[in-house]
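Okay, structure_15.json is below, JSON, C-alpha atoms and all ligand atoms:
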```
[["chain", "number", "residue", "atom", "x", "y", "z"],
["A", 1, "MET", "CA", 21.84, -10.18, 14.90],
["A", 2, "MET", "CA", 18.14, -9.60, 14.75],
["A", 3, "THR", "CA", 15.82, -8.90, 11.91],
["A", 4, "GLU", "CA", 13.34, -6.11, 11.92],
["A", 5, "VAL", "CA", 10.35, -5.68, 9.66],
["A", 6, "ILE", "CA", 9.86, -2.29, 8.10],
["A", 7, "TRP", "CA", 7.65, -0.91, 5.40],
["A", 8, "LYS", "CA", 9.17, 0.87, 2.46],
["A", 9, "CYS", "CA", 7.93, 3.16, -0.28],
["A", 10, "PHE", "CA", 10.38, 2.68, -3.14],
["A", 11, "ARG", "CA", 9.00, 5.65, -5.05],
["A", 12, "CYS", "CA", 9.86, 8.06, -2.25],
["A", 13, "ASN", "CA", 12.68, 5.97, -0.83],
["A", 14, "LEU", "CA", 11.04, 6.29, 2.55],
["A", 15, "THR", "CA", 10.96, 3.66, 5.25],
["A", 16, "PHE", "CA", 8.44, 3.28, 8.03],
["A", 17, "LYS", "CA", 8.90, 1.40, 11.24],
["A", 18, "GLU", "CA", 5.21, 1.45, 12.01],
["A", 19, "LYS", "CA", 2.72, -0.18, 9.69],
["A", 20, "GLU", "CA", 0.19, 2.49, 10.61],
["A", 21, "LEU", "CA", 2.50, 5.19, 9.27],
["A", 22, "SER", "CA", 3.04, 3.33, 6.02],
["A", 23, "ASP", "CA", -0.71, 2.95, 5.70],
["A", 24, "VAL", "CA", -1.12, 6.71, 6.06],
["A", 25, "HIS", "CA", 1.50, 7.33, 3.39],
["A", 26, "LYS", "CA", -0.13, 4.80, 1.09],
["A", 27, "LYS", "CA", -3.50, 6.43, 1.58],
["A", 28, "ILE", "CA", -2.41, 10.01, 0.94],
["A", 29, "SER", "CA", 0.08, 9.30, -1.88],
["A", 30, "ASN", "CA", -1.45, 6.20, -3.47],
["A", 31, "HIS", "CA", 2.02, 4.64, -3.57],
["A", 32, "SER", "CA", 2.54, 0.96, -3.02],
["A", 33, "ILE", "CA", 4.29, -0.10, 0.16],
["A", 34, "THR", "CA", 6.58, -3.09, 0.39],
["A", 35, "LYS", "CA", 7.23, -4.97, 3.59],
["A", 36, "VAL", "CA", 10.94, -5.65, 3.99],
["A", 37, "LYS", "CA", 13.16, -7.32, 6.54],
["A", 38, "THR", "CA", 16.35, -5.62, 7.61],
["A", 39, "LEU", "CA", 19.15, -6.75, 9.82],
["A", 40, "VAL", "CA", 19.62, -4.93, 13.08],
["A", 41, "ALA", "CA", 23.16, -4.94, 14.41],
["B", 1, "ZN", "ZN", 5.72, 7.28, -1.42]]
```
Hey, can you dump this file as structure tokens for me?
Amino acid sequence: MMTEVIWKCFRCNLTFKEKELSDVHKKISNHSITKVKTLVA
């Protein structure tokens, strides 16, 4: 198993695989983004 880092907006329940995309979401929505590790099967 491998771990993968993703960025998550808990307010929207959205996940982003690219930090750049999470940054865009953060900028336009002013939501906080949390970096999380997930297991990849
Ligand atoms: Zn959001």
Each residue of chain A with at least one atom at most 8 Å from ligand ZN 1 (chain B) should appear once, together with its nearest atom pair and the corresponding distance in Å (one decimal); atoms considered: only C-alpha atoms and all ligand atoms; ordering: chain, then increasing residue number; output as CSV.
```
residue,atom,partner,partner_atom,distance
A:Cys9,CA,B:ZN1,ZN,4.8
A:Phe10,CA,B:ZN1,ZN,6.8
A:Arg11,CA,B:ZN1,ZN,5.2
A:Cys12,CA,B:ZN1,ZN,4.3
A:Asn13,CA,B:ZN1,ZN,7.1
A:Leu14,CA,B:ZN1,ZN,6.7
A:His25,CA,B:ZN1,ZN,6.4
A:Lys26,CA,B:ZN1,ZN,6.8
A:Ser29,CA,B:ZN1,ZN,6.0
A:Asn30,CA,B:ZN1,ZN,7.5
A:His31,CA,B:ZN1,ZN,5.0
A:Ser32,CA,B:ZN1,ZN,7.3
A:Ile33,CA,B:ZN1,ZN,7.7
```
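Between CA of Asp23 in chain A and CA of Ala41 in chain A there is a distance of 26.6 Å.
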Let me have the centre and edge lengths of the axis-aligned box enclosing all listed atoms of range 10-16 of chain A with 3 Å padding on every side, in Å to one decimal, as JSON.
```
{"center_x": 10.6, "center_y": 5.4, "center_z": 1.5, "size_x": 10.2, "size_y": 11.4, "size_z": 19.1}
```
| query | Which protein, DNA or RNA residues are at most 6 Å from (14.1, -7.5, 7.8) in the file's coordinates when you count all atoms listed in the file, listed as an NGL selection string? | reply | :A and (3-5 or 36-39)
| field | Shell around Lys19 in chain A at 9 Å using only C-alpha atoms, local window under 2 positions removed, as a list in words | value | Ile6, Trp7, Phe16, Lys17, Leu21, Ser22, Asp23, Val24 and Lys35 of chain A
